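Have a look at the structure below before the remarks.
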2 protein chains.
Amino acid sequence: MRIPPIHIEYPDWVESTVDWDRRYTTDEEKMRLAIDLSRENVVRGTGGPFGAAIIEQGTGALVAVGMNSVVRLNNCTLHGEMVAFMMAQSRLRCFTMRSDDGPVYELATSCEPCAMCLGATLWSGVSRVLCGAHRDDARRLNFDEGPVFPESHAYLEARGIEIVHGVLREEANAVLELYRASKGIIYNR
Amino acid sequence: MRIPPIHIEYPDWVESTVDWDRRYTTDEEKMRLAIDLSRENVVRGTGGPFGAAIIEQGTGALVAVGMNSVVRLNNCTLHGEMVAFMMAQSRLRCFTMRSDDGPVYELATSCEPCAMCLGATLWSGVSRVLCGAHRDDARRLNFDEGPVFPESHAYLEARGIEIVHGVLREEANAVLELYRASKGIIYNR
């Protein structure tokens with residue numbers, strides 16, 4: 001028996017919506033991109049209200065974006081952060097974004113990472129994480145965040161990953177509320 | 001800019017090695033399959049010493065297998081369990097393996113899941129997890145398991161997921177030792 005290869009690709013709107021040449025230098029600019037992706041994913045009906053981006057620190061160059069694709073691609077692992085990690089590493093042709101002499105990379109995510117994405121953040125090699133909405137904001141929609149504890153964040157920080165919480169939280173949360181109002185699917189509730 | 005789609009496929013040896021028609025009914029049979037996959041991955045040089053399988057409870061039918069594919073596919077998220085979840089859901093055409101009236105699914109993994117895989121286990125919809133090697137066995141090779149705590153397992157168990165530790169632990173650990181002896185890559189150390 002052969003299981004066919006899995007294909008992971010962006011929804012069509014990414015091509016026409018994302019400005020790949022722009023530089024994202026401030027934390028707010030990086031987060032607004034993640035939030036814009038989360039909103040677009042809801043409005044276009046391509047997934048849950050979560051967006052993410054990987055940006056090169058210093059230059060502000062955009063490496064990859066991600067958006068929740070669980071339902072669209074029938075794959076429970078495809079949270080926004082996971083899609084962003086996969087696409088970034090595919091583009092960089094390397095399984096880690098951490099090196100002794102190369103660029104440093106940041107993740108901007110429209111909502112605090114769930115347990116899976118927090119673990120993947122460690123393996124991804126990013127050095128800094130910007131979070132928009134709080135996990136409690138997601139929980140109000142019955143999106144479970146899984147086994148994440150205060151010591152989970154401390155574990156990453158002890159390994160040199162800076163985590164910044166609540167960047168443009170209100171704007172990020174507004175997309176969660178938009179999703180709730182539009183009666184979007186709450187999978188894995 | 002377009003990032004090409006990501007393709008996730010098994011290494012060639014899966015086709016000729018895995019017996020898809022066999023029924024895996026005991027915990028030891030399920031675990032031995034996961035361990036065989038982990039060993040084959042080392043011997044064939046296609047990845048880290050970790051294998052996994054998804055099996056339908058009751059019938060013992062094999063749904064999907066997985067093997068660590070991080071280095072092979074330049075993708076930090078592709079631990080053995082993650083590949084197994086993705087392939088199973090691709091085959092079942094559903095983003096969860098849990099339903100009110102459908103079959104119940106189990107994960108057998110040759111080593112206790114890391115933080116990412118434990119989170120994904122919750123989202124996957126499997127109802128039972130069989131673990132071979134202990135996380136300390138992996139740690140002796142400098143494979144980090146990430147932020148996993150006793151309460152992480154309790155979190156899953158509280159949501160109806162049974163976790164069985166130490167199934168054929170010695171056999172599973174022997175593959176880790178084989179990998180160490182063969183000086184395999186310890187990524188993300």
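Please note that chains go A, B, ... in the order of the structure tokens, that every chain numbers its residues from 1, and that ligands are numbered from 1 in the order shown.
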
For range 123-127 of chain B: contacts at 6 Å, only C-alpha atoms, fewer than 5 positions along chain excluded, given as a ChimeraX atom specification: /A:76 /B:96-98,105-106,161

May I have the residues from that selection written out with N, CA and C atoms, as a PDB file, in the first residue's frame?
ATOM      1  N   CYS A  76      -3.902  18.026  11.307  1.00  0.00           N
ATOM      2  CA  CYS A  76      -4.005  18.663  12.625  1.00  0.00           C
ATOM      3  C   CYS A  76      -2.741  19.398  13.030  1.00  0.00           C
TER       4      CYS A  76
ATOM      5  N   THR B  96      -8.903  14.993  12.280  1.00  0.00           N
ATOM      6  CA  THR B  96      -8.897  14.386  13.607  1.00  0.00           C
ATOM      7  C   THR B  96      -9.214  12.899  13.489  1.00  0.00           C
ATOM      8  N   MET B  97      -8.633  12.118  14.367  1.00  0.00           N
ATOM      9  CA  MET B  97      -8.911  10.681  14.380  1.00  0.00           C
ATOM     10  C   MET B  97      -9.878  10.322  15.497  1.00  0.00           C
ATOM     11  N   ARG B  98     -10.550  11.344  16.028  1.00  0.00           N
ATOM     12  CA  ARG B  98     -11.524  11.069  17.084  1.00  0.00           C
ATOM     13  C   ARG B  98     -12.921  11.391  16.557  1.00  0.00           C
ATOM     14  N   TYR B 105      -8.237   5.110  17.496  1.00  0.00           N
ATOM     15  CA  TYR B 105      -6.878   4.943  16.982  1.00  0.00           C
ATOM     16  C   TYR B 105      -5.831   5.080  18.079  1.00  0.00           C
ATOM     17  N   GLU B 106      -4.746   4.332  17.886  1.00  0.00           N
ATOM     18  CA  GLU B 106      -3.634   4.346  18.828  1.00  0.00           C
ATOM     19  C   GLU B 106      -2.346   4.769  18.130  1.00  0.00           C
ATOM     20  N   ILE B 161      -6.906  10.484  26.968  1.00  0.00           N
ATOM     21  CA  ILE B 161      -5.848   9.804  26.225  1.00  0.00           C
ATOM     22  C   ILE B 161      -5.030   8.957  27.200  1.00  0.00           C
TER      23      ILE B 161
END

Distance-based interface of chain B with chain A, 8 Å, counting only C-alpha atoms, as an MDAnalysis selection string: chainID B and resid 1:10 15 20 64 70:71 73:77 82 85:87 89:91 93:96 114:120 122:125 146:148 151:152 155:156 188

Could those selected residues go to a file with C-alpha atoms, as a JSON list (two decimals), in the first residue's frame?
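Ended up saving to selection-v1.json:
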[["chain", "number", "residue", "atom", "x", "y", "z"],
["B", 1, "MET", "CA", 7.59, 35.68, -4.49],
["B", 2, "ARG", "CA", 6.34, 32.12, -4.41],
["B", 3, "ILE", "CA", 7.55, 29.49, -1.95],
["B", 4, "PRO", "CA", 7.03, 26.13, -3.69],
["B", 5, "PRO", "CA", 4.68, 23.60, -2.05],
["B", 6, "ILE", "CA", 6.23, 21.29, 0.51],
["B", 7, "HIS", "CA", 6.21, 17.58, -0.26],
["B", 8, "ILE", "CA", 6.35, 15.06, 2.54],
["B", 9, "GLU", "CA", 6.87, 11.48, 1.49],
["B", 10, "TYR", "CA", 8.25, 8.31, 2.94],
["B", 15, "GLU", "CA", 7.29, 0.40, 0.36],
["B", 20, "TRP", "CA", 0.41, -3.17, 5.47],
["B", 64, "ALA", "CA", 0.08, 4.90, 8.76],
["B", 70, "VAL", "CA", 13.97, 16.20, 9.94],
["B", 71, "VAL", "CA", 17.32, 16.14, 8.15],
["B", 73, "LEU", "CA", 13.41, 16.79, 4.31],
["B", 74, "ASN", "CA", 14.95, 19.90, 5.96],
["B", 75, "ASN", "CA", 11.95, 20.29, 8.23],
["B", 76, "CYS", "CA", 12.28, 20.52, 12.01],
["B", 77, "THR", "CA", 8.66, 19.50, 12.57],
["B", 82, "MET", "CA", 4.28, 13.97, 13.28],
["B", 85, "PHE", "CA", -0.21, 11.81, 12.20],
["B", 86, "MET", "CA", 0.01, 13.64, 8.88],
["B", 87, "MET", "CA", 0.01, 10.46, 6.80],
["B", 89, "GLN", "CA", -5.01, 12.03, 8.44],
["B", 90, "SER", "CA", -4.16, 12.33, 4.77],
["B", 91, "ARG", "CA", -5.30, 8.74, 4.29],
["B", 93, "ARG", "CA", -9.13, 12.59, 4.81],
["B", 94, "CYS", "CA", -9.87, 14.12, 8.19],
["B", 95, "PHE", "CA", -8.01, 16.45, 10.56],
["B", 96, "THR", "CA", -8.90, 14.39, 13.61],
["B", 114, "CYS", "CA", 8.78, 15.51, 22.77],
["B", 115, "ALA", "CA", 6.82, 18.65, 23.65],
["B", 116, "MET", "CA", 5.80, 19.27, 20.03],
["B", 117, "CYS", "CA", 4.67, 15.71, 19.44],
["B", 118, "LEU", "CA", 2.83, 15.54, 22.75],
["B", 119, "GLY", "CA", 0.87, 18.63, 21.78],
["B", 120, "ALA", "CA", 0.15, 17.16, 18.35],
["B", 122, "LEU", "CA", -3.77, 15.89, 21.63],
["B", 123, "TRP", "CA", -4.80, 17.49, 18.33],
["B", 124, "SER", "CA", -4.46, 14.22, 16.37],
["B", 125, "GLY", "CA", -7.42, 12.55, 18.00],
["B", 146, "GLY", "CA", 11.63, 20.15, 25.17],
["B", 147, "PRO", "CA", 9.22, 21.44, 27.81],
["B", 148, "VAL", "CA", 7.51, 18.20, 28.85],
["B", 151, "GLU", "CA", 1.56, 17.59, 34.30],
["B", 152, "SER", "CA", 1.87, 17.54, 30.49],
["B", 155, "TYR", "CA", -3.18, 17.07, 30.80],
["B", 156, "LEU", "CA", -3.64, 14.54, 27.99],
["B", 188, "ASN", "CA", 19.02, 20.78, 17.69]]

Residues near range 26-33 of chain A, cut-off 9 Å, only C-alpha atoms, skip fewer than 6 positions along chain, as a ChimeraX atom specification: /A:18,51-55,60,65,107-110,130-132,167-168,171-172

Residue nearest Ala138 in chain A - candidates A:Ala158, A:Leu176, A:Ile185, A:Ala84, atoms counted: only C-alpha atoms: A:Leu176

Test item, helix (DSSP H, G or I) assignment across range 8-51 of chain A, answer as a ChimeraX atom specification: /A:13-17,27-43

Can you spit out the residues from that selection as a short mmCIF file (atom, residue, chain, number, x, y, z; two decimals), in the first residue's frame, using N, CA and C atoms?
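The new file out_14.cif reads:
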data_model
loop_
_atom_site.label_atom_id
_atom_site.label_comp_id
_atom_site.auth_asym_id
_atom_site.auth_seq_id
_atom_site.Cartn_x
_atom_site.Cartn_y
_atom_site.Cartn_z
N TRP A 13 -4.71 33.28 -1.98
CA TRP A 13 -4.68 34.72 -1.68
C TRP A 13 -3.31 35.21 -1.20
N VAL A 14 -2.44 34.31 -0.76
CA VAL A 14 -1.12 34.73 -0.27
C VAL A 14 -0.34 35.45 -1.37
N GLU A 15 -0.40 34.89 -2.56
CA GLU A 15 0.34 35.44 -3.70
C GLU A 15 0.01 36.92 -3.93
N SER A 16 -1.26 37.26 -3.85
CA SER A 16 -1.68 38.63 -4.19
C SER A 16 -1.74 39.55 -2.96
N THR A 17 -1.62 39.00 -1.77
CA THR A 17 -1.85 39.79 -0.56
C THR A 17 -0.56 40.15 0.19
N ASP A 27 8.50 45.79 16.04
CA ASP A 27 7.68 44.67 16.53
C ASP A 27 6.24 44.82 16.06
N GLU A 28 5.76 46.06 16.00
CA GLU A 28 4.37 46.28 15.60
C GLU A 28 4.17 45.94 14.12
N GLU A 29 5.15 46.28 13.29
CA GLU A 29 5.03 45.95 11.86
C GLU A 29 5.00 44.43 11.65
N LYS A 30 5.86 43.74 12.39
CA LYS A 30 5.92 42.27 12.26
C LYS A 30 4.61 41.64 12.72
N MET A 31 4.11 42.16 13.86
CA MET A 31 2.86 41.60 14.39
C MET A 31 1.68 41.93 13.49
N ARG A 32 1.68 43.13 12.93
CA ARG A 32 0.53 43.50 12.08
C ARG A 32 0.46 42.59 10.86
N LEU A 33 1.60 42.18 10.36
CA LEU A 33 1.62 41.22 9.25
C LEU A 33 0.98 39.89 9.70
N ALA A 34 1.36 39.41 10.88
CA ALA A 34 0.79 38.15 11.39
C ALA A 34 -0.73 38.28 11.57
N ILE A 35 -1.15 39.42 12.09
CA ILE A 35 -2.58 39.65 12.31
C ILE A 35 -3.31 39.77 10.97
N ASP A 36 -2.71 40.48 10.01
CA ASP A 36 -3.33 40.60 8.68
C ASP A 36 -3.54 39.20 8.08
N LEU A 37 -2.57 38.33 8.25
CA LEU A 37 -2.68 36.96 7.73
C LEU A 37 -3.80 36.20 8.44
N SER A 38 -3.92 36.40 9.75
CA SER A 38 -4.98 35.72 10.50
C SER A 38 -6.35 36.19 10.03
N ARG A 39 -6.47 37.50 9.81
CA ARG A 39 -7.75 38.06 9.38
C ARG A 39 -8.11 37.60 7.96
N GLU A 40 -7.11 37.62 7.09
CA GLU A 40 -7.34 37.20 5.70
C GLU A 40 -7.79 35.73 5.66
N ASN A 41 -7.21 34.92 6.53
CA ASN A 41 -7.55 33.50 6.57
C ASN A 41 -9.03 33.30 6.94
N VAL A 42 -9.52 34.17 7.83
CA VAL A 42 -10.93 34.11 8.23
C VAL A 42 -11.83 34.63 7.11
N VAL A 43 -11.48 35.79 6.59
CA VAL A 43 -12.32 36.45 5.59
C VAL A 43 -12.43 35.60 4.32
#

Test item: residues at most 9 Å from Gly58 in chain B, only C-alpha atoms, excluding those fewer than 6 positions along its chain, as a ChimeraX atom specification: /B:25,103-104

Can I get the selected residues back with N, CA and C atoms, as a compact mmCIF listing (two decimals), in the first residue's frame?
# COMPACT_ATOMS: atom_id res chain seq x y z
N THR B 25 -2.06 -6.58 16.93
CA THR B 25 -3.11 -6.61 17.97
C THR B 25 -2.58 -6.39 19.39
N PRO B 103 -13.99 4.42 14.42
CA PRO B 103 -12.96 3.62 15.08
C PRO B 103 -12.13 4.47 16.03
N VAL B 104 -11.44 3.78 16.93
CA VAL B 104 -10.54 4.42 17.88
C VAL B 104 -9.11 4.13 17.41

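Comparing the minimum interatomic distances between Ala133 in chain B and each of B:Gly160, B:Ile186, B:Glu177, B:Gly102, counting only C-alpha atoms, we find that B:Glu177 sits nearest.
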